[in-house]
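Colleague: One file: start27.txt (compact mmCIF, C-alpha atoms and all ligand atoms).
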```txt
# COMPACT_ATOMS: atom_id res chain seq x y z
CA MET R 1316 0.00 0.00 0.00
CA ASN R 1317 1.08 3.62 -0.47
CA VAL R 1318 0.62 5.22 2.93
CA LEU R 1319 0.83 8.85 3.98
CA VAL R 1320 1.87 9.25 7.61
CA THR R 1321 1.27 12.76 8.89
CA GLY R 1322 3.44 13.61 11.86
CA GLY R 1323 5.79 10.90 10.60
CA ALA R 1324 8.82 12.42 12.32
CA GLY R 1325 7.09 12.58 15.70
CA TYR R 1326 7.08 10.09 18.54
CA ILE R 1327 4.24 7.77 17.49
CA GLY R 1328 4.40 8.65 13.79
CA SER R 1329 8.06 7.62 13.46
CA HIS R 1330 7.33 4.28 15.11
CA ALA R 1331 4.48 3.80 12.62
CA VAL R 1332 6.76 4.64 9.67
CA GLN R 1333 9.29 2.10 10.91
CA ARG R 1334 6.66 -0.61 11.12
CA LEU R 1335 5.12 0.19 7.71
CA LEU R 1336 8.56 0.06 6.05
CA ARG R 1337 9.27 -3.22 7.79
CA ASP R 1338 5.99 -4.57 6.38
CA GLY R 1339 6.97 -3.59 2.83
CA HIS R 1340 4.77 -0.53 2.27
CA GLN R 1341 5.68 2.64 0.38
CA VAL R 1342 5.61 5.44 2.94
CA VAL R 1343 5.40 9.21 2.64
CA ALA R 1344 6.07 10.86 5.97
CA LEU R 1345 4.85 14.44 6.19
CA ASP R 1346 5.97 16.57 9.10
CA SER R 1347 6.44 20.29 9.75
CA LEU R 1348 9.35 19.45 12.11
CA ILE R 1349 7.94 21.96 14.58
CA ARG R 1350 7.75 19.14 17.12
CA GLY R 1351 9.05 16.25 15.02
CA HIS R 1352 12.71 15.31 14.47
CA ALA R 1353 14.48 15.20 11.10
CA ARG R 1354 16.88 12.68 12.65
CA THR R 1355 14.11 10.03 12.75
CA MET R 1356 13.89 10.23 8.98
CA GLU R 1357 17.68 9.88 8.55
CA LEU R 1358 17.72 6.87 10.87
CA LEU R 1359 14.83 5.18 9.08
CA ARG R 1360 16.29 5.85 5.63
CA GLU R 1361 19.49 4.07 6.64
CA ARG R 1362 17.56 0.93 7.60
CA PRO R 1363 16.51 -1.89 5.24
CA GLY R 1364 13.43 -0.67 3.36
CA GLY R 1365 14.49 2.96 3.87
CA ASP R 1366 14.50 3.45 0.11
CA ARG R 1367 10.68 3.16 0.28
CA LEU R 1368 10.46 6.23 2.52
CA THR R 1369 9.84 9.73 1.18
CA PHE R 1370 9.98 12.65 3.59
CA VAL R 1371 8.03 15.84 2.92
CA ARG R 1372 8.60 18.79 5.22
CA ALA R 1373 5.25 20.57 5.28
CA ASP R 1374 2.37 21.55 7.47
CA VAL R 1375 -0.58 19.21 7.23
CA GLY R 1376 -2.79 22.31 7.01
CA ASP R 1377 -1.22 23.22 3.63
CA ARG R 1378 -4.11 21.88 1.59
CA SER R 1379 -2.76 22.32 -1.93
CA LEU R 1380 0.62 20.85 -1.07
CA VAL R 1381 -0.96 17.87 0.68
CA GLU R 1382 -3.25 17.31 -2.29
CA SER R 1383 -0.30 17.25 -4.67
CA VAL R 1384 1.55 14.78 -2.39
CA LEU R 1385 -1.51 12.52 -2.28
CA ARG R 1386 -1.73 12.54 -6.08
CA ALA R 1387 1.98 12.23 -6.81
CA HIS R 1388 2.37 9.20 -4.54
CA LYS R 1389 -1.01 7.61 -5.35
CA ILE R 1390 -1.79 7.37 -1.65
CA ASP R 1391 -4.19 4.56 -0.70
CA GLY R 1392 -4.37 5.22 3.00
CA VAL R 1393 -3.57 7.95 5.52
CA MET R 1394 -2.46 7.60 9.11
CA HIS R 1395 -3.01 11.01 10.66
CA PHE R 1396 -0.79 11.53 13.70
CA ALA R 1397 0.19 15.19 13.23
CA ALA R 1398 -1.23 17.10 16.19
CA LEU R 1399 -0.36 18.85 19.39
CA ALA R 1400 -0.94 16.51 22.31
CA ALA R 1401 -0.32 18.06 25.72
CA VAL R 1402 -3.44 18.45 27.84
CA GLY R 1403 -2.03 21.20 30.09
CA GLU R 1404 -0.72 23.23 27.14
CA SER R 1405 -4.12 23.00 25.45
CA VAL R 1406 -5.75 24.59 28.49
CA ASP R 1407 -3.26 27.48 28.30
CA PHE R 1408 -3.34 27.89 24.51
CA PRO R 1409 -6.66 26.54 23.24
CA MET R 1410 -6.61 28.35 19.88
CA LEU R 1411 -3.19 26.91 19.12
CA TYR R 1412 -4.78 23.50 19.58
CA TYR R 1413 -7.86 24.23 17.47
CA ARG R 1414 -5.65 25.63 14.70
CA ASN R 1415 -3.21 22.70 14.67
CA ASN R 1416 -5.58 19.86 15.39
CA VAL R 1417 -8.87 20.95 13.84
CA SER R 1418 -8.21 23.55 11.10
CA ALA R 1419 -5.29 21.56 9.75
CA MET R 1420 -7.34 18.38 9.75
CA ILE R 1421 -10.09 20.08 7.74
CA ALA R 1422 -7.49 20.94 5.10
CA LEU R 1423 -6.14 17.38 5.14
CA LEU R 1424 -9.58 15.82 4.77
CA ASP R 1425 -10.48 18.26 2.03
CA ALA R 1426 -7.39 17.15 0.14
CA CYS R 1427 -8.16 13.47 0.77
CA ASP R 1428 -11.68 13.96 -0.52
CA ALA R 1429 -10.50 15.79 -3.63
CA VAL R 1430 -8.13 12.94 -4.48
CA GLY R 1431 -10.37 10.05 -3.42
CA VAL R 1432 -8.27 8.54 -0.60
CA GLU R 1433 -10.17 5.46 0.57
CA ARG R 1434 -8.73 4.67 4.02
CA PHE R 1435 -8.08 7.00 6.91
CA VAL R 1436 -6.80 6.11 10.38
CA PHE R 1437 -7.11 8.92 12.90
CA SER R 1438 -5.17 9.38 16.15
CA SER R 1439 -7.99 10.13 18.52
CA SER R 1440 -7.81 10.03 22.29
CA CYS R 1441 -9.41 8.80 25.47
CA ALA R 1442 -9.47 12.52 26.32
CA THR R 1443 -12.68 12.60 24.24
CA TYR R 1444 -14.47 10.82 27.10
CA GLY R 1445 -13.62 13.29 29.88
CA GLN R 1446 -14.21 11.53 33.19
CA PRO R 1447 -16.89 8.86 32.73
CA PRO R 1448 -18.95 7.75 35.72
CA ASP R 1449 -17.35 4.93 37.79
CA ALA R 1450 -19.72 2.37 36.34
CA MET R 1451 -18.27 3.08 32.85
CA VAL R 1452 -14.62 2.48 33.77
CA PRO R 1453 -13.07 0.42 32.11
CA ILE R 1454 -14.29 2.64 29.31
CA PRO R 1455 -16.11 1.14 26.30
CA GLU R 1456 -16.31 2.99 23.00
CA HIS R 1457 -20.00 3.86 23.42
CA CYS R 1458 -19.25 5.80 26.62
CA PRO R 1459 -20.60 9.38 26.37
CA LYS R 1460 -18.05 11.94 25.16
CA SER R 1461 -17.46 14.92 27.40
CA PRO R 1462 -13.90 16.23 27.02
CA MET R 1463 -12.36 18.09 29.98
CA SER R 1464 -9.71 19.91 27.96
CA PRO R 1465 -9.39 21.74 24.64
CA TYR R 1466 -7.08 18.92 23.55
CA GLY R 1467 -9.84 16.34 24.08
CA MET R 1468 -12.30 18.65 22.37
CA THR R 1469 -10.08 18.95 19.26
CA LYS R 1470 -9.93 15.15 18.99
CA LEU R 1471 -13.70 14.88 19.30
CA HIS R 1472 -14.07 17.50 16.55
CA GLY R 1473 -11.74 15.38 14.42
CA GLU R 1474 -14.04 12.39 14.86
CA HIS R 1475 -17.05 14.51 13.88
CA LEU R 1476 -15.28 15.76 10.74
CA LEU R 1477 -14.62 12.17 9.73
CA ALA R 1478 -18.19 11.06 10.43
CA ASP R 1479 -19.60 13.87 8.29
CA LEU R 1480 -17.14 13.28 5.47
CA SER R 1481 -17.92 9.58 5.50
CA GLU R 1482 -21.65 10.31 5.33
CA SER R 1483 -21.15 12.56 2.35
CA CYS R 1484 -18.87 10.03 0.62
CA ALA R 1485 -21.56 7.37 1.04
CA ARG R 1486 -24.14 9.63 -0.58
CA ARG R 1487 -21.76 10.33 -3.48
CA LYS R 1488 -21.00 6.59 -3.75
CA ARG R 1489 -17.34 7.30 -3.11
CA PRO R 1490 -15.50 4.58 -1.18
CA PHE R 1491 -14.19 5.89 2.14
CA GLY R 1492 -13.60 4.05 5.39
CA PHE R 1493 -12.16 5.47 8.58
CA ALA R 1494 -11.23 4.46 12.08
CA ALA R 1495 -10.82 6.75 15.08
CA LEU R 1496 -8.29 5.12 17.39
CA ARG R 1497 -8.75 6.44 20.88
CA TYR R 1498 -5.36 6.18 22.51
CA PHE R 1499 -5.00 5.90 26.20
CA ASN R 1500 -1.50 6.84 27.44
CA VAL R 1501 1.12 5.91 24.88
CA ALA R 1502 4.52 5.13 26.36
CA GLY R 1503 7.78 3.25 25.84
CA CYS R 1504 10.21 3.21 22.92
CA ASP R 1505 11.08 1.00 19.98
CA ARG R 1506 12.71 -2.10 21.46
CA THR R 1507 15.42 -2.20 18.79
CA GLY R 1508 16.68 1.01 20.40
CA LEU R 1509 16.52 3.08 17.20
CA LEU R 1510 13.54 5.36 17.90
CA GLY R 1511 12.45 7.10 21.05
CA GLU R 1512 10.43 9.85 22.64
CA ASP R 1513 11.81 13.38 22.52
CA HIS R 1514 9.49 16.25 23.39
CA ASP R 1515 10.60 19.76 24.29
CA PRO R 1516 9.37 20.59 26.82
CA GLU R 1517 8.57 17.08 28.05
CA THR R 1518 5.30 16.92 29.97
CA HIS R 1519 4.35 13.23 29.87
CA ILE R 1520 4.73 11.36 33.10
CA ILE R 1521 6.94 8.39 32.17
CA PRO R 1522 9.65 10.40 30.36
CA VAL R 1523 9.48 13.10 33.04
CA VAL R 1524 10.07 10.55 35.82
CA LEU R 1525 12.86 8.90 33.82
CA GLN R 1526 14.53 12.29 33.39
CA ALA R 1527 14.52 12.67 37.16
CA ALA R 1528 15.96 9.15 37.60
CA LEU R 1529 18.71 10.01 35.11
CA LEU R 1530 19.39 13.23 37.04
CA ARG R 1531 18.35 15.35 34.06
CA ARG R 1532 15.77 17.15 36.15
CA GLU R 1533 15.83 18.02 39.81
CA SER R 1534 12.54 16.46 40.86
CA VAL R 1535 9.20 15.06 39.75
CA ALA R 1536 6.00 16.90 40.58
CA ILE R 1537 2.87 14.87 41.25
CA PHE R 1538 -0.04 16.96 40.00
CA GLY R 1539 -2.71 16.30 42.59
CA THR R 1540 -2.72 13.83 45.49
CA ASP R 1541 -6.36 14.29 46.53
CA TYR R 1542 -8.11 12.56 43.64
CA PRO R 1543 -10.79 9.98 44.43
CA THR R 1544 -8.43 7.09 43.54
CA PRO R 1545 -6.83 4.45 45.79
CA ASP R 1546 -3.62 6.46 46.43
CA GLY R 1547 -4.99 9.92 45.61
CA THR R 1548 -3.11 10.28 42.29
CA CYS R 1549 -4.49 9.99 38.76
CA VAL R 1550 -4.85 6.58 37.17
CA ARG R 1551 -4.09 6.00 33.49
CA ASP R 1552 -3.80 3.10 31.06
CA TYR R 1553 -0.26 2.97 29.58
CA VAL R 1554 0.02 1.22 26.21
CA HIS R 1555 3.36 0.49 24.53
CA VAL R 1556 3.97 2.51 21.37
CA GLU R 1557 4.81 -0.61 19.32
CA ASP R 1558 1.54 -2.28 20.34
CA LEU R 1559 -0.28 0.90 19.42
CA VAL R 1560 1.34 0.95 15.99
CA ASP R 1561 0.50 -2.72 15.56
CA ALA R 1562 -3.18 -1.82 16.01
CA HIS R 1563 -2.89 0.90 13.34
CA VAL R 1564 -1.48 -1.56 10.84
CA ALA R 1565 -4.23 -4.08 11.57
CA VAL R 1566 -6.91 -1.40 11.22
CA LEU R 1567 -5.49 0.07 8.01
CA GLY R 1568 -5.46 -3.37 6.43
CA ALA R 1569 -9.01 -4.16 7.53
CA LEU R 1570 -10.76 -0.90 6.54
CA THR R 1571 -13.32 -1.16 3.78
CA ALA R 1572 -15.62 1.41 2.15
CA GLY R 1573 -18.30 2.67 4.49
CA ASP R 1574 -16.42 1.68 7.67
CA ARG R 1575 -16.84 4.12 10.54
CA ARG R 1576 -14.91 2.41 13.26
CA ALA R 1577 -13.81 3.58 16.67
CA TYR R 1578 -11.52 1.56 18.92
CA ASN R 1579 -10.03 2.10 22.33
CA LEU R 1580 -6.32 1.34 22.43
CA GLY R 1581 -5.15 0.50 25.91
CA ILE R 1582 -4.10 -2.51 27.95
CA GLY R 1583 -7.30 -2.49 30.00
CA LYS R 1584 -5.65 -1.74 33.34
CA GLY R 1585 -4.80 1.50 35.10
CA TYR R 1586 -1.70 2.61 37.01
CA SER R 1587 -1.46 5.62 39.30
CA VAL R 1588 1.19 8.33 39.17
CA ARG R 1589 2.68 6.96 42.40
CA GLU R 1590 2.85 3.47 40.84
CA ILE R 1591 4.74 4.93 37.86
CA ILE R 1592 7.22 6.58 40.20
CA ARG R 1593 7.71 3.33 42.14
CA ALA R 1594 8.17 1.31 38.93
CA VAL R 1595 10.74 3.80 37.56
CA ARG R 1596 12.69 3.53 40.83
CA GLU R 1597 12.62 -0.27 40.52
CA VAL R 1598 13.67 -0.33 36.85
CA THR R 1599 16.42 2.28 37.15
CA LYS R 1600 17.44 1.48 40.74
CA VAL R 1601 17.80 5.23 41.30
CA ASP R 1602 16.03 7.31 43.91
CA PHE R 1603 15.01 10.89 43.14
CA LYS R 1604 13.07 13.74 44.66
CA VAL R 1605 9.27 13.84 44.37
CA VAL R 1606 7.19 16.90 45.25
CA GLU R 1607 3.43 16.98 45.64
CA LYS R 1608 1.72 19.82 43.77
CA GLU R 1609 -1.72 21.13 42.94
CA ARG R 1610 -3.92 19.37 40.41
CA ARG R 1611 -3.22 20.17 36.76
CA ALA R 1612 -6.20 21.67 34.90
CA GLY R 1613 -8.00 19.33 32.52
CA ASP R 1614 -6.96 16.03 34.17
CA PRO R 1615 -9.68 13.41 34.74
CA PRO R 1616 -8.96 11.25 37.84
CA ARG R 1617 -9.29 7.76 36.44
CA LEU R 1618 -9.12 6.48 32.87
CA PHE R 1619 -8.53 3.01 31.56
CA ALA R 1620 -9.80 1.21 28.52
CA ASP R 1621 -12.10 -1.60 27.78
CA PRO R 1622 -10.16 -2.68 24.68
CA SER R 1623 -12.38 -5.66 23.87
CA SER R 1624 -13.88 -4.25 20.61
CA ILE R 1625 -10.64 -4.26 18.66
CA ARG R 1626 -9.78 -7.64 20.10
CA ARG R 1627 -13.10 -9.04 18.95
CA ASP R 1628 -12.96 -7.46 15.46
CA LEU R 1629 -9.27 -7.73 14.63
CA GLY R 1630 -7.68 -9.96 17.25
CA TRP R 1631 -5.51 -7.10 18.55
CA ARG R 1632 -4.44 -6.97 22.15
CA ALA R 1633 -1.50 -5.30 23.83
CA SER R 1634 1.49 -7.63 24.10
CA VAL R 1635 3.35 -5.48 26.65
CA THR R 1636 1.19 -5.22 29.76
CA ASP R 1637 3.78 -4.98 32.52
CA LEU R 1638 4.53 -1.38 33.43
CA HIS R 1639 8.17 -2.31 34.13
CA ASP R 1640 8.64 -3.54 30.54
CA ILE R 1641 7.17 -0.35 29.12
CA ILE R 1642 9.41 1.76 31.34
CA ALA R 1643 12.48 -0.40 30.60
CA SER R 1644 12.10 0.17 26.85
CA ALA R 1645 11.99 3.94 27.38
CA HIS R 1646 14.83 3.81 29.93
CA ARG R 1647 17.14 2.18 27.39
CA TRP R 1648 16.55 4.90 24.80
CA PHE R 1649 16.87 7.71 27.35
CA LEU R 1650 20.13 6.23 28.66
CA GLU R 1651 21.59 5.95 25.16
CA HIS R 1652 20.31 9.39 24.10
CA PRO R 1653 21.05 11.86 26.88
CA ARG R 1654 20.13 14.76 24.59
CA GLY R 1655 17.33 12.98 22.76
CA TYR R 1656 17.71 12.95 18.98
CA ARG R 1657 20.49 15.56 19.30
CA SER R 1658 22.68 12.90 20.94
N1 LIG C 1 1.58 13.98 35.76
C1 LIG C 1 2.21 14.34 36.95
N2 LIG C 1 3.42 14.98 36.85
C2 LIG C 1 4.03 15.27 35.66
C3 LIG C 1 3.36 14.89 34.47
C4 LIG C 1 2.12 14.25 34.56
O1 LIG C 1 1.72 14.10 38.05
O2 LIG C 1 5.11 15.86 35.65
C5 LIG C 1 0.28 13.28 35.84
C6 LIG C 1 -0.84 14.02 35.14
O3 LIG C 1 -1.42 14.96 36.00
C7 LIG C 1 -1.76 12.86 34.76
C8 LIG C 1 -0.82 11.67 34.54
O4 LIG C 1 0.41 12.03 35.18
O5 LIG C 1 -2.59 12.56 35.83
C9 LIG C 1 -0.55 11.41 33.07
O6 LIG C 1 -0.20 12.64 32.47
P1 LIG C 1 0.44 12.73 31.04
O7 LIG C 1 0.74 14.18 30.77
O8 LIG C 1 1.58 11.78 30.93
O9 LIG C 1 -0.68 12.16 30.07
P2 LIG C 1 -2.23 12.61 29.87
O10 LIG C 1 -3.02 11.63 30.69
O11 LIG C 1 -2.38 14.02 30.30
O12 LIG C 1 -2.45 12.45 28.41
```
Turn this file's structure into structure tokens for me.

Modeller:
Amino acid sequence: MNVLVTGGAGYIGSHAVQRLLRDGHQVVALDSLIRGHARTMELLRERPGGDRLTFVRADVGDRSLVESVLRAHKIDGVMHFAALAAVGESVDFPMLYYRNNVSAMIALLDACDAVGVERFVFSSSCATYGQPPDAMVPIPEHCPKSPMSPYGMTKLHGEHLLADLSESCARRKRPFGFAALRYFNVAGCDRTGLLGEDHDPETHIIPVVLQAALLRRESVAIFGTDYPTPDGTCVRDYVHVEDLVDAHVAVLGALTAGDRRAYNLGIGKGYSVREIIRAVREVTKVDFKVVEKERRAGDPPRLFADPSSIRRDLGWRASVTDLHDIIASAHRWFLEHPRGYRS
């Protein structure tokens, strides 16, 4: 298949590109490099299958350019990762999030529609659910959507754009199938050690705690210790990035015209912030300073997936379910790359 991967030089996107190349696909990675890393593209080009990778430096919101890329490379399917993805930042800069995640996606979908792209896999998020009532955790896909942050709202808008486009394609008898993959907390790094996670600034809990363990930051702040959870800190479902990518590949291959799928991608079990900190101490065998702080705006207390739909439909389930294994894969990359991709 000829696959366009938006955000292909980012954390999840680069892992997806690696997997698609390994599976023999032709891949066009499109990335503005505002948050992505050109180095990922160099590394992947040097690997077997790297000759099937084309890199285009562009903003996904550049409709005419994206349309010409789709045509030139006869793209069959799109994996749309390009987005901003920090909940706290989205609360501070909501318009930045709507511009990058919603306006740009409108342009991308417009281009896909003009060219007749038939398969679209969208990086959605469990942030679309907000905080469901206790009886709906683990969270099934039909759980009501009530985002608690602009980030979650942008992902829900993305799903609505796809639903409306799909409806219109059906009326025009144009084949189009899509899947919204609602990620829980993606973590870990490629276990061959090639690709990793490099955000600046880093806000996600596992890399932040690892930075403290590697003495690259002074301390870890726990945002909120008075949540209605067993130890008072937020509970999340951490899914390994390679498992997540595996689900994308399965979904892309399975999509047919008229599909409007939505799947939760998680392991089906939640870990608290304190459990993350304990596991990082155990994996790294390093102690570090932890400070308890106020809650961070936009954080639901307790989220973990009911991932049974994708298991039933496609046989996918997470293969890495032990928090220590997820952390160990990230630890390796962080150790070997003290300055991230600049190392
Ligand atoms: N968190 C924290 N300290 C940090 C970063 C995150 O206590 O330095 C908490 C955050 O409040 C949330 C959980 O860890 O409850 C996961 O946050 P992250 O940003 O990794 O992912 P999110 O769930 O927001 O997508």

Colleague: Which of these, R:Glu1456, R:Ala1419, R:Asn1500, R:Cys1441, has the shortest distance to Leu1471 (chain R) once you count all atoms listed in the file?

Modeller: R:Cys1441

Colleague: I'd like to know which of R:His1519, R:Arg1589, R:His1475, R:Arg1576 is closest to Ala1494 (chain R), using all atoms listed in the file.

Modeller: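 Of R:His1519, R:Arg1589, R:His1475, R:Arg1576, the one nearest Ala1494 (chain R) is R:Arg1576, counting all atoms listed in the file.
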
Colleague: Could you give me, as a Markdown table, every chain R residue with an atom at most 6 Å from ligand LIG 1 (chain C), plus its closest atom pair and distance in Å to one decimal, counting all atoms listed in the file, rows ordered by chain then number?

Modeller:
```
| residue | atom | partner | partner_atom | distance |
| --- | --- | --- | --- | --- |
| R:Val1402 | CA | C:LIG1 | O11 | 5.2 |
| R:Asn1500 | CA | C:LIG1 | O12 | 5.8 |
| R:Thr1518 | CA | C:LIG1 | C3 | 5.3 |
| R:His1519 | CA | C:LIG1 | O8 | 3.3 |
| R:Ile1520 | CA | C:LIG1 | O8 | 3.8 |
| R:Val1523 | CA | C:LIG1 | O2 | 5.8 |
| R:Val1535 | CA | C:LIG1 | O2 | 5.8 |
| R:Ala1536 | CA | C:LIG1 | N2 | 4.9 |
| R:Ile1537 | CA | C:LIG1 | O1 | 3.5 |
| R:Phe1538 | CA | C:LIG1 | O1 | 3.9 |
| R:Cys1549 | CA | C:LIG1 | O5 | 4.3 |
| R:Val1588 | CA | C:LIG1 | O4 | 5.5 |
| R:Arg1611 | CA | C:LIG1 | O3 | 5.6 |
| R:Asp1614 | CA | C:LIG1 | O5 | 5.8 |
```

Colleague: Would you mind listing what lies within 9 Å of Asn1579 (chain R) as a list in words, with all atoms listed in the file counted and same-chain residues fewer than 4 positions away left out?

Modeller: Ser1440, Cys1441, Ile1454, Pro1455, Glu1456, Ala1495, Leu1496, Arg1497, Tyr1498, Phe1499, Ala1620, Asp1621, Pro1622, Ser1623, Ser1624 and Ile1625 of chain R

Colleague: Got a sec: who's within 12 Å of Pro1363 (chain R), counting only C-alpha atoms, leaving out chain neighbours fewer than 5 positions off, as an MDAnalysis selection string?

Modeller: chainID R and resid 1333:1339 1358 1368

Colleague: Keeping only C-alpha atoms, write the selected residues to a file as an mmCIF file, in the coordinates of the input.

Modeller:
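Written output follows (again-v3.cif):
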```cif
data_model
loop_
_atom_site.group_PDB
_atom_site.id
_atom_site.type_symbol
_atom_site.label_atom_id
_atom_site.label_comp_id
_atom_site.auth_asym_id
_atom_site.auth_seq_id
_atom_site.Cartn_x
_atom_site.Cartn_y
_atom_site.Cartn_z
ATOM 1 C CA GLN R 1333 9.290 2.100 10.910
ATOM 2 C CA ARG R 1334 6.660 -0.610 11.120
ATOM 3 C CA LEU R 1335 5.120 0.190 7.710
ATOM 4 C CA LEU R 1336 8.560 0.060 6.050
ATOM 5 C CA ARG R 1337 9.270 -3.220 7.790
ATOM 6 C CA ASP R 1338 5.990 -4.570 6.380
ATOM 7 C CA GLY R 1339 6.970 -3.590 2.830
ATOM 8 C CA LEU R 1358 17.720 6.870 10.870
ATOM 9 C CA LEU R 1368 10.460 6.230 2.520
#
```

Colleague: Can I get the residues of region 1340-1437 of chain R within 12 Å of region 1552-1564 of chain R, each with the closest pair of atoms and their distance in Å to one decimal, using all atoms listed in the file, sorted chain first then ascending number, as a tab-separated table?

Modeller:
```
residue	atom	partner	partner_atom	distance
R:His1340	CA	R:Val1564	CA	10.7
R:Gly1392	CA	R:Val1564	CA	10.8
R:Val1393	CA	R:His1563	CA	10.6
R:Met1394	CA	R:His1563	CA	7.9
R:His1395	CA	R:His1563	CA	10.5
R:Phe1396	CA	R:His1563	CA	10.8
R:Arg1434	CA	R:His1563	CA	11.6
R:Phe1435	CA	R:His1563	CA	10.3
R:Val1436	CA	R:His1563	CA	7.2
R:Phe1437	CA	R:His1563	CA	9.1
```

Colleague: What's the 12 Å shell around Ala1373 (chain R), counting all atoms listed in the file, without same-chain residues fewer than 3 positions away, as a ChimeraX atom specification?

Modeller: /R:1321-1324,1343-1349,1351,1370,1376-1384,1397,1419,1423
